[in-house]
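Okay, work18.cif now, which holds mmCIF, C-alpha atoms and all ligand atoms; chains and numbers go by the auth columns:
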```
data_query
#
loop_
_atom_site.group_PDB
_atom_site.id
_atom_site.type_symbol
_atom_site.label_atom_id
_atom_site.label_comp_id
_atom_site.label_asym_id
_atom_site.label_seq_id
_atom_site.Cartn_x
_atom_site.Cartn_y
_atom_site.Cartn_z
_atom_site.B_iso_or_equiv
_atom_site.auth_seq_id
_atom_site.auth_asym_id
ATOM 1 C CA MET A 1 -3.609 -17.597 28.290 0.00 25 A
ATOM 2 C CA GLN A 2 -6.592 -17.083 30.552 0.00 26 A
ATOM 3 C CA ASN A 3 -4.521 -14.698 32.642 0.00 27 A
ATOM 4 C CA ARG A 4 -3.377 -12.792 29.640 0.00 28 A
ATOM 5 C CA GLU A 5 -6.902 -12.211 28.375 0.00 29 A
ATOM 6 C CA ALA A 6 -7.989 -11.135 31.858 0.00 30 A
ATOM 7 C CA LYS A 7 -5.114 -8.667 31.984 0.00 31 A
ATOM 8 C CA TYR A 8 -6.035 -7.139 28.629 0.00 32 A
ATOM 9 C CA LYS A 9 -9.676 -6.937 29.616 0.00 33 A
ATOM 10 C CA ARG A 10 -8.683 -4.949 32.692 0.00 34 A
ATOM 11 C CA LEU A 11 -6.477 -2.638 30.624 0.00 35 A
ATOM 12 C CA ARG A 12 -9.358 -2.160 28.200 0.00 36 A
ATOM 13 C CA GLU A 13 -11.801 -1.182 30.936 0.00 37 A
ATOM 14 C CA GLU A 14 -9.286 1.277 32.300 0.00 38 A
ATOM 15 C CA MET A 15 -8.762 2.713 28.810 0.00 39 A
ATOM 16 C CA VAL A 16 -12.501 3.232 28.356 0.00 40 A
ATOM 17 C CA PHE A 17 -12.862 4.975 31.696 0.00 41 A
ATOM 18 C CA ARG A 18 -9.744 7.159 31.771 0.00 42 A
ATOM 19 C CA GLN A 19 -9.199 7.968 28.118 0.00 43 A
ATOM 20 C CA LEU A 20 -12.783 8.049 26.876 0.00 44 A
ATOM 21 C CA GLU A 21 -15.466 8.601 29.542 0.00 45 A
ATOM 22 C CA MET A 22 -13.361 11.132 31.463 0.00 46 A
ATOM 23 C CA ARG A 23 -12.868 13.089 28.250 0.00 47 A
ATOM 24 C CA GLY A 24 -16.461 13.320 27.173 0.00 48 A
ATOM 25 C CA ILE A 25 -17.246 10.175 25.203 0.00 49 A
ATOM 26 C CA SER A 26 -20.740 9.365 26.449 0.00 50 A
ATOM 27 C CA ASP A 27 -22.541 7.348 23.752 0.00 51 A
ATOM 28 C CA PRO A 28 -23.187 3.939 25.364 0.00 52 A
ATOM 29 C CA LEU A 29 -22.976 2.169 21.984 0.00 53 A
ATOM 30 C CA VAL A 30 -19.485 3.563 21.428 0.00 54 A
ATOM 31 C CA LEU A 31 -18.307 2.799 24.964 0.00 55 A
ATOM 32 C CA ASP A 32 -19.641 -0.772 24.767 0.00 56 A
ATOM 33 C CA ALA A 33 -17.933 -1.338 21.421 0.00 57 A
ATOM 34 C CA MET A 34 -14.629 -0.022 22.787 0.00 58 A
ATOM 35 C CA ARG A 35 -15.018 -2.350 25.788 0.00 59 A
ATOM 36 C CA SER A 36 -15.633 -5.387 23.622 0.00 60 A
ATOM 37 C CA VAL A 37 -13.049 -5.211 20.786 0.00 61 A
ATOM 38 C CA PRO A 38 -9.676 -6.760 21.808 0.00 62 A
ATOM 39 C CA ARG A 39 -7.424 -3.911 20.611 0.00 63 A
ATOM 40 C CA HIS A 40 -4.229 -5.867 21.475 0.00 64 A
ATOM 41 C CA LEU A 41 -5.005 -8.315 18.641 0.00 65 A
ATOM 42 C CA PHE A 42 -4.852 -5.470 16.093 0.00 66 A
ATOM 43 C CA VAL A 43 -1.149 -4.803 16.712 0.00 67 A
ATOM 44 C CA SER A 44 1.925 -7.013 16.424 0.00 68 A
ATOM 45 C CA GLU A 45 2.860 -9.363 19.263 0.00 69 A
ATOM 46 C CA ALA A 46 5.699 -7.043 20.344 0.00 70 A
ATOM 47 C CA LEU A 47 3.338 -4.086 20.853 0.00 71 A
ATOM 48 C CA MET A 48 0.462 -5.887 22.564 0.00 72 A
ATOM 49 C CA ASP A 49 1.292 -4.561 26.013 0.00 73 A
ATOM 50 C CA GLN A 50 1.118 -1.018 24.641 0.00 74 A
ATOM 51 C CA ALA A 51 -2.155 -1.516 22.794 0.00 75 A
ATOM 52 C CA TYR A 52 -4.270 0.177 25.471 0.00 76 A
ATOM 53 C CA GLY A 53 -2.022 3.220 25.785 0.00 77 A
ATOM 54 C CA ASP A 54 -3.214 6.733 24.976 0.00 78 A
ATOM 55 C CA TYR A 55 -1.424 6.959 21.595 0.00 79 A
ATOM 56 C CA PRO A 56 -1.314 5.614 18.045 0.00 80 A
ATOM 57 C CA LEU A 57 1.004 2.667 17.252 0.00 81 A
ATOM 58 C CA PRO A 58 2.793 1.530 14.097 0.00 82 A
ATOM 59 C CA ILE A 59 1.186 -1.357 12.170 0.00 83 A
ATOM 60 C CA GLY A 60 3.772 -1.749 9.393 0.00 84 A
ATOM 61 C CA GLU A 61 3.991 -0.217 5.894 0.00 85 A
ATOM 62 C CA GLN A 62 4.496 3.184 7.607 0.00 86 A
ATOM 63 C CA GLN A 63 0.860 3.191 8.719 0.00 87 A
ATOM 64 C CA THR A 64 -0.649 3.485 12.198 0.00 88 A
ATOM 65 C CA ILE A 65 -3.552 2.301 14.311 0.00 89 A
ATOM 66 C CA SER A 66 -5.223 5.473 15.637 0.00 90 A
ATOM 67 C CA GLN A 67 -5.224 6.499 19.291 0.00 91 A
ATOM 68 C CA PRO A 68 -8.298 5.050 21.103 0.00 92 A
ATOM 69 C CA LEU A 69 -9.745 8.529 21.745 0.00 93 A
ATOM 70 C CA ILE A 70 -9.808 9.521 18.070 0.00 94 A
ATOM 71 C CA VAL A 71 -11.477 6.211 17.124 0.00 95 A
ATOM 72 C CA ALA A 72 -14.131 6.834 19.783 0.00 96 A
ATOM 73 C CA GLU A 73 -14.598 10.477 18.755 0.00 97 A
ATOM 74 C CA MET A 74 -15.077 9.621 15.097 0.00 98 A
ATOM 75 C CA THR A 75 -17.475 6.805 15.940 0.00 99 A
ATOM 76 C CA GLN A 76 -19.483 9.033 18.266 0.00 100 A
ATOM 77 C CA ALA A 77 -19.540 11.900 15.749 0.00 101 A
ATOM 78 C CA ILE A 78 -20.803 9.757 12.885 0.00 102 A
ATOM 79 C CA GLY A 79 -23.783 8.689 15.043 0.00 103 A
ATOM 80 C CA ILE A 80 -24.649 5.290 13.573 0.00 104 A
ATOM 81 C CA GLY A 81 -27.207 2.707 14.680 0.00 105 A
ATOM 82 C CA PRO A 82 -27.968 -1.014 14.242 0.00 106 A
ATOM 83 C CA ASP A 83 -29.631 -0.660 10.820 0.00 107 A
ATOM 84 C CA ASP A 84 -26.863 1.364 9.215 0.00 108 A
ATOM 85 C CA ARG A 85 -24.525 0.366 6.402 0.00 109 A
ATOM 86 C CA VAL A 86 -21.159 2.018 6.790 0.00 110 A
ATOM 87 C CA LEU A 87 -18.223 2.463 4.426 0.00 111 A
ATOM 88 C CA GLU A 88 -14.734 2.901 5.858 0.00 112 A
ATOM 89 C CA ILE A 89 -11.772 4.028 3.750 0.00 113 A
ATOM 90 C CA GLY A 90 -8.383 2.932 5.143 0.00 114 A
ATOM 91 C CA THR A 91 -8.787 -0.496 6.777 0.00 115 A
ATOM 92 C CA GLY A 92 -5.238 -0.553 8.176 0.00 116 A
ATOM 93 C CA SER A 93 -5.174 -2.672 11.334 0.00 117 A
ATOM 94 C CA GLY A 94 -8.956 -3.084 11.123 0.00 118 A
ATOM 95 C CA TYR A 95 -9.565 -1.595 14.554 0.00 119 A
ATOM 96 C CA GLN A 96 -11.835 1.275 13.475 0.00 120 A
ATOM 97 C CA ALA A 97 -13.841 -1.073 11.225 0.00 121 A
ATOM 98 C CA ALA A 98 -14.190 -3.537 14.117 0.00 122 A
ATOM 99 C CA ILE A 99 -15.561 -0.808 16.407 0.00 123 A
ATOM 100 C CA LEU A 100 -18.034 0.350 13.732 0.00 124 A
ATOM 101 C CA SER A 101 -19.106 -3.252 13.109 0.00 125 A
ATOM 102 C CA ARG A 102 -20.160 -3.750 16.731 0.00 126 A
ATOM 103 C CA ILE A 103 -22.724 -0.952 16.251 0.00 127 A
ATOM 104 C CA ALA A 104 -23.739 -0.978 12.576 0.00 128 A
ATOM 105 C CA PHE A 105 -25.576 -3.539 10.461 0.00 129 A
ATOM 106 C CA ARG A 106 -22.682 -3.954 8.051 0.00 130 A
ATOM 107 C CA VAL A 107 -19.285 -2.352 7.447 0.00 131 A
ATOM 108 C CA TYR A 108 -17.576 -2.181 4.048 0.00 132 A
ATOM 109 C CA THR A 109 -13.896 -1.339 4.359 0.00 133 A
ATOM 110 C CA VAL A 110 -11.324 -0.545 1.675 0.00 134 A
ATOM 111 C CA GLU A 111 -7.500 -0.682 1.896 0.00 135 A
ATOM 112 C CA ARG A 112 -4.922 0.212 -0.784 0.00 136 A
ATOM 113 C CA ILE A 113 -1.942 -1.709 0.669 0.00 137 A
ATOM 114 C CA TYR A 114 -2.233 -5.393 -0.091 0.00 138 A
ATOM 115 C CA SER A 115 -0.329 -6.782 2.910 0.00 139 A
ATOM 116 C CA LEU A 116 -2.497 -4.837 5.378 0.00 140 A
ATOM 117 C CA TYR A 117 -5.665 -5.819 3.528 0.00 141 A
ATOM 118 C CA ALA A 118 -4.747 -9.537 3.602 0.00 142 A
ATOM 119 C CA ARG A 119 -3.635 -9.610 7.237 0.00 143 A
ATOM 120 C CA THR A 120 -6.672 -7.727 8.511 0.00 144 A
ATOM 121 C CA ARG A 121 -9.111 -9.779 6.512 0.00 145 A
ATOM 122 C CA LYS A 122 -7.769 -12.887 8.241 0.00 146 A
ATOM 123 C CA LEU A 123 -8.128 -11.260 11.641 0.00 147 A
ATOM 124 C CA PHE A 124 -11.802 -10.413 11.013 0.00 148 A
ATOM 125 C CA ASP A 125 -12.384 -14.092 10.206 0.00 149 A
ATOM 126 C CA GLN A 126 -10.602 -15.230 13.363 0.00 150 A
ATOM 127 C CA LEU A 127 -12.679 -12.844 15.463 0.00 151 A
ATOM 128 C CA GLN A 128 -15.833 -13.923 13.615 0.00 152 A
ATOM 129 C CA TYR A 129 -16.683 -10.349 12.693 0.00 153 A
ATOM 130 C CA TYR A 130 -18.785 -11.577 9.806 0.00 154 A
ATOM 131 C CA ASN A 131 -20.552 -8.280 9.118 0.00 155 A
ATOM 132 C CA ILE A 132 -17.338 -6.681 7.841 0.00 156 A
ATOM 133 C CA VAL A 133 -16.692 -6.871 4.116 0.00 157 A
ATOM 134 C CA THR A 134 -13.159 -6.058 2.931 0.00 158 A
ATOM 135 C CA ARG A 135 -11.847 -4.823 -0.384 0.00 159 A
ATOM 136 C CA TYR A 136 -8.395 -4.161 -1.809 0.00 160 A
ATOM 137 C CA SER A 137 -8.551 -0.980 -3.887 0.00 161 A
ATOM 138 C CA ASP A 138 -8.259 2.809 -3.954 0.00 162 A
ATOM 139 C CA GLY A 139 -10.966 3.961 -1.578 0.00 163 A
ATOM 140 C CA THR A 140 -10.963 7.579 -2.750 0.00 164 A
ATOM 141 C CA SER A 141 -13.408 6.420 -5.442 0.00 165 A
ATOM 142 C CA GLY A 142 -15.575 4.750 -2.796 0.00 166 A
ATOM 143 C CA TRP A 143 -17.327 1.430 -3.408 0.00 167 A
ATOM 144 C CA LYS A 144 -20.083 2.290 -5.825 0.00 168 A
ATOM 145 C CA GLU A 145 -21.675 -1.161 -6.199 0.00 169 A
ATOM 146 C CA GLU A 146 -22.703 -1.239 -2.526 0.00 170 A
ATOM 147 C CA SER A 147 -23.784 2.427 -2.269 0.00 171 A
ATOM 148 C CA PRO A 148 -25.624 4.392 -0.948 0.00 172 A
ATOM 149 C CA TYR A 149 -24.216 4.371 2.595 0.00 173 A
ATOM 150 C CA ASP A 150 -25.707 5.776 5.781 0.00 174 A
ATOM 151 C CA ALA A 151 -22.219 6.750 6.912 0.00 175 A
ATOM 152 C CA ILE A 152 -18.707 6.970 5.492 0.00 176 A
ATOM 153 C CA VAL A 153 -15.612 7.198 7.710 0.00 177 A
ATOM 154 C CA VAL A 154 -12.253 8.037 6.142 0.00 178 A
ATOM 155 C CA THR A 155 -9.285 7.254 8.406 0.00 179 A
ATOM 156 C CA ALA A 156 -6.565 8.905 6.317 0.00 180 A
ATOM 157 C CA GLY A 157 -6.184 12.601 5.521 0.00 181 A
ATOM 158 C CA GLY A 158 -6.816 14.068 2.064 0.00 182 A
ATOM 159 C CA PRO A 159 -6.357 17.482 0.428 0.00 183 A
ATOM 160 C CA GLU A 160 -10.125 17.761 -0.118 0.00 184 A
ATOM 161 C CA VAL A 161 -13.353 15.811 0.374 0.00 185 A
ATOM 162 C CA PRO A 162 -13.392 13.220 -2.463 0.00 186 A
ATOM 163 C CA GLU A 163 -16.456 13.941 -4.597 0.00 187 A
ATOM 164 C CA PRO A 164 -17.280 10.243 -5.312 0.00 188 A
ATOM 165 C CA LEU A 165 -17.699 9.636 -1.574 0.00 189 A
ATOM 166 C CA VAL A 166 -20.237 12.440 -1.206 0.00 190 A
ATOM 167 C CA LYS A 167 -22.177 10.986 -4.157 0.00 191 A
ATOM 168 C CA GLN A 168 -22.292 7.577 -2.481 0.00 192 A
ATOM 169 C CA LEU A 169 -24.013 8.914 0.663 0.00 193 A
ATOM 170 C CA ALA A 170 -27.728 8.280 1.181 0.00 194 A
ATOM 171 C CA VAL A 171 -29.879 11.364 1.795 0.00 195 A
ATOM 172 C CA GLY A 172 -29.363 12.057 5.499 0.00 196 A
ATOM 173 C CA GLY A 173 -26.066 10.164 5.361 0.00 197 A
ATOM 174 C CA LYS A 174 -22.898 11.499 6.989 0.00 198 A
ATOM 175 C CA LEU A 175 -19.241 11.487 5.963 0.00 199 A
ATOM 176 C CA ILE A 176 -16.264 12.149 8.246 0.00 200 A
ATOM 177 C CA ILE A 177 -12.824 12.846 6.820 0.00 201 A
ATOM 178 C CA PRO A 178 -9.588 14.587 7.882 0.00 202 A
ATOM 179 C CA VAL A 179 -8.855 17.360 5.354 0.00 203 A
ATOM 180 C CA GLY A 180 -5.677 19.427 5.245 0.00 204 A
ATOM 181 C CA ASP A 181 -1.970 19.153 4.477 0.00 205 A
ATOM 182 C CA LYS A 182 0.509 16.407 5.278 0.00 206 A
ATOM 183 C CA TYR A 183 1.096 17.480 8.896 0.00 207 A
ATOM 184 C CA THR A 184 -2.218 18.651 10.222 0.00 208 A
ATOM 185 C CA GLN A 185 -5.833 18.336 9.204 0.00 209 A
ATOM 186 C CA GLU A 186 -9.293 19.410 10.197 0.00 210 A
ATOM 187 C CA LEU A 187 -11.843 16.708 10.845 0.00 211 A
ATOM 188 C CA ILE A 188 -14.699 17.571 8.470 0.00 212 A
ATOM 189 C CA LYS A 189 -18.239 16.238 8.720 0.00 213 A
ATOM 190 C CA VAL A 190 -20.393 16.380 5.599 0.00 214 A
ATOM 191 C CA THR A 191 -24.117 15.616 5.789 0.00 215 A
ATOM 192 C CA ARG A 192 -26.070 14.954 2.625 0.00 216 A
ATOM 193 C CA THR A 193 -29.437 16.707 2.645 0.00 217 A
ATOM 194 C CA GLU A 194 -32.397 16.638 0.223 0.00 218 A
ATOM 195 C CA THR A 195 -31.037 19.671 -1.568 0.00 219 A
ATOM 196 C CA GLY A 196 -27.263 19.508 -1.195 0.00 220 A
ATOM 197 C CA VAL A 197 -24.688 19.109 1.560 0.00 221 A
ATOM 198 C CA LYS A 198 -23.989 20.643 4.950 0.00 222 A
ATOM 199 C CA ARG A 199 -20.332 20.922 5.986 0.00 223 A
ATOM 200 C CA GLU A 200 -18.962 21.458 9.511 0.00 224 A
ATOM 201 C CA SER A 201 -15.609 21.230 11.264 0.00 225 A
ATOM 202 C CA LEU A 202 -15.052 19.022 14.307 0.00 226 A
ATOM 203 C CA GLY A 203 -11.571 20.291 15.172 0.00 227 A
ATOM 204 C CA SER A 204 -8.004 19.463 14.262 0.00 228 A
ATOM 205 C CA CYS A 205 -6.387 16.061 13.967 0.00 229 A
ATOM 206 C CA ARG A 206 -3.427 14.248 12.456 0.00 230 A
ATOM 207 C CA PHE A 207 -3.693 11.212 10.191 0.00 231 A
ATOM 208 C CA VAL A 208 -1.515 9.456 7.630 0.00 232 A
ATOM 209 C CA LYS A 209 -2.033 10.421 4.002 0.00 233 A
ATOM 210 C CA LEU A 210 -5.007 9.386 1.894 0.00 234 A
ATOM 211 C CA ILE A 211 -3.348 8.357 -1.357 0.00 235 A
ATOM 212 C CA GLY A 212 -5.301 7.818 -4.552 0.00 236 A
ATOM 213 C CA GLU A 213 -7.087 9.259 -7.522 0.00 237 A
ATOM 214 C CA HIS A 214 -9.159 11.666 -5.393 0.00 238 A
ATOM 215 C CA GLY A 215 -6.536 12.088 -2.670 0.00 239 A
ATOM 216 C CA TRP A 216 -2.796 12.790 -2.568 0.00 240 A
ATOM 217 C CA LYS A 217 -0.880 11.538 -5.570 0.00 241 A
ATOM 218 C CA GLU A 218 1.850 9.933 -3.407 0.00 242 A
HETATM 219 N N1 LIG B . -8.629 2.615 10.310 0.00 301 B
HETATM 220 C C1 LIG B . -7.250 2.208 10.498 0.00 301 B
HETATM 221 C C2 LIG B . -6.298 3.370 10.294 0.00 301 B
HETATM 222 C C3 LIG B . -5.091 2.945 9.540 0.00 301 B
HETATM 223 S S1 LIG B . -4.087 4.251 8.933 0.00 301 B
HETATM 224 C C4 LIG B . -7.048 1.532 11.826 0.00 301 B
HETATM 225 O O1 LIG B . -7.974 1.571 12.658 0.00 301 B
HETATM 226 O O2 LIG B . -6.008 0.918 12.035 0.00 301 B
HETATM 227 C C5 LIG B . -4.875 4.631 7.406 0.00 301 B
HETATM 228 C C6 LIG B . -4.948 3.567 6.369 0.00 301 B
HETATM 229 O O3 LIG B . -5.488 4.151 5.195 0.00 301 B
HETATM 230 C C7 LIG B . -3.612 2.962 5.959 0.00 301 B
HETATM 231 O O4 LIG B . -3.656 1.582 6.116 0.00 301 B
HETATM 232 C C8 LIG B . -3.472 3.359 4.489 0.00 301 B
HETATM 233 O O5 LIG B . -2.809 2.392 3.692 0.00 301 B
HETATM 234 C C9 LIG B . -4.922 3.507 4.068 0.00 301 B
HETATM 235 N N2 LIG B . -5.166 4.305 2.878 0.00 301 B
HETATM 236 C C10 LIG B . -4.566 5.450 2.470 0.00 301 B
HETATM 237 N N3 LIG B . -5.074 5.868 1.298 0.00 301 B
HETATM 238 C C11 LIG B . -6.034 4.959 0.947 0.00 301 B
HETATM 239 C C12 LIG B . -6.922 4.817 -0.173 0.00 301 B
HETATM 240 N N4 LIG B . -6.933 5.701 -1.170 0.00 301 B
HETATM 241 N N5 LIG B . -7.754 3.764 -0.185 0.00 301 B
HETATM 242 C C13 LIG B . -7.762 2.850 0.803 0.00 301 B
HETATM 243 N N6 LIG B . -6.945 2.915 1.875 0.00 301 B
HETATM 244 C C14 LIG B . -6.098 3.957 1.953 0.00 301 B
#
```
What do you get writing this file as structure tokens?
Ligand code: SAH
Amino acid sequence: MQNREAKYKRLREEMVFRQLEMRGISDPLVLDAMRSVPRHLFVSEALMDQAYGDYPLPIGEQQTISQPLIVAEMTQAIGIGPDDRVLEIGTGSGYQAAILSRIAFRVYTVERIYSLYARTRKLFDQLQYYNIVTRYSDGTSGWKEESPYDAIVVTAGGPEVPEPLVKQLAVGGKLIIPVGDKYTQELIKVTRTETGVKRESLGSCRFVKLIGEHGWKE
């Protein structure tokens, strides 16, 4: 057991250096978070040895845990700090929420598939990540009761930026979401300003579909 944890810790440090630092991830908060979260516990037993590889992995229900680099890029791009309240849409394995939670004050995360929601919620308890709050629902409508948020991260791709999410941003708040068709999307960053919104593109990406009232219909 001890050995196993030591092995994964070594793989994790290698992942952070080769896949992240060497490719331009430089925010120390992001790098520290990626060093501390045990990614192998977010995949099934059979895939644990692959957890630190440079690719996404299946997590069941035809969903995936994102490649480490894309998790780091999104976390770096959203630019959060220790006082921030963050909403994530698409809990999945919980890995992205876990990374955000090591930096932010609190993370609210929403998942539409019950089995993933239930499994991940248990994992957060086991890891004692008590500043993550989970919810089973359609995240394209956001989580109004807890709004406004300093940051919103959507980890599934939609046809457009869901309007309710923009409304739930604090002034100065930022939203990151993959927007495009089923096969390829553009990572869009929306910043809410005093007078409206600023929209910029961070490059192309590929995510599973965001399904819901303000996303794809199925
Ligand atoms: N952040 C996750 C990525 C999982 S893949 C991780 O780190 O593992 C994207 C997830 O978004 C899937 O679990 C999918 O079920 C979920 N999803 C898709 N549409 C959604 C919606 N409208 N509301 C909430 N979750 C959604």
Can you pull out the residues contacting stretch 214-231 of chain A? Cut-off 9 Å, using all atoms listed in the file, and skip same-chain residues under 2 positions away; I want them as a list in words.
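Here the answer would be Thr88, Ser90, Ile94, Ala101, Thr179, Ala180, Gly181, Val185, Val190, Lys191, Leu193, Ala194, Val195, Gly196, Gly197, Lys198, Leu199, Ile200, Ile201, Pro202, Lys206, Tyr207, Thr208, Gln209, Glu210, Leu211, Ile212, Lys233 and Leu234 of chain A.
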Show me a table, sorted first by chain and then by increasing residue number, of the residues of stretch 148-170 of chain A having an atom at most 6 Å from stretch 123-142 of chain A, each with its shortest atom pair and the distance in Å to one decimal, counting all atoms listed in the file and written as a Markdown table.
```
| residue | atom | partner | partner_atom | distance |
| --- | --- | --- | --- | --- |
| A:Asn155 | CA | A:Arg130 | CA | 4.9 |
| A:Ile156 | CA | A:Val131 | CA | 4.8 |
| A:Val157 | CA | A:Tyr132 | CA | 4.8 |
| A:Thr158 | CA | A:Thr133 | CA | 5.0 |
| A:Arg159 | CA | A:Val134 | CA | 4.8 |
| A:Tyr160 | CA | A:Glu135 | CA | 5.2 |
| A:Ser161 | CA | A:Arg136 | CA | 4.9 |
| A:Asp162 | CA | A:Arg136 | CA | 5.3 |
| A:Gly163 | CA | A:Val134 | CA | 5.6 |
```
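Contact shell of A:Arg59 at 9 Å (all atoms listed in the file; same-chain neighbours under 2 positions omitted): Lys33, Arg36, Glu37, Met39, Val40, Val54, Leu55, Asp56, Ala57, Val61 and Pro62 of chain A.
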Straight-line distance linking atom CA of A:Glu69 with atom N2 of ligand LIG 301 (chain B), stated in Å to one decimal:
22.8 Å
So how far away is atom C2 of ligand LIG 301 (chain B) from atom CA of A:Pro82, in Å?
10.0 Å
Report, in Å to a single decimal, how far apart atom CA of A:Ala75 and atom C11 of ligand LIG 301 (chain B) are.
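So the two atoms, atom C11 of ligand LIG 301 (chain B) and atom CA of A:Ala75, lie 23.1 Å apart.
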Suppose a student applies the PyMOL selection byres (((chain A and resi 92) around 8) and not hetatm) to this structure; what residues should they get, written as a list in words?
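On this input, the PyMOL selection byres (((chain A and resi 92) around 8) and not hetatm) captures Gln43, Leu44, Tyr76, Asp78, Tyr79, Pro80, Ser90, Gln91, Leu93, Ile94, Val95 and Ala96 of chain A.
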Give, as JSON, the centre coordinates and the x, y and z edge lengths in Å to one decimal for an axis-aligned box around all listed atoms of stretch 118-126 of chain A, padded by 8 Å on each side.
```
{"center_x": -14.6, "center_y": -1.2, "center_z": 13.9, "size_x": 27.2, "size_y": 21.0, "size_z": 21.6}
```
When you count all atoms listed in the file, which of these residues is closest to ligand LIG 301 (chain B): A:Met72, A:Ile83, A:Met46, A:Ile176?
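That would be A:Ile83, the residue with the smallest distance to ligand LIG 301 (chain B).
Counting only C-alpha atoms and comparing A:Leu71, A:Phe66, A:Ile235, A:Met98, the residue that lies closest to A:Phe148 is A:Phe66.
Shortest separation to A:Tyr173 among A:Asp205, A:Asp108, A:Glu187, A:Glu237 occurs at residue A:Asp108, atoms counted being only C-alpha atoms.
Distance check against ligand LIG 301 (chain B) using all atoms listed in the file: of A:Ile113, A:Leu81, A:Met58, A:Ala175, the minimum falls on A:Ile113.
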A:Pro52, A:Gly114, A:Pro172, A:Gly204: which is nearest ligand LIG 301 (chain B), counting all atoms listed in the file?
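Residue with the minimum atom-to-atom distance to ligand LIG 301 (chain B): A:Gly114.
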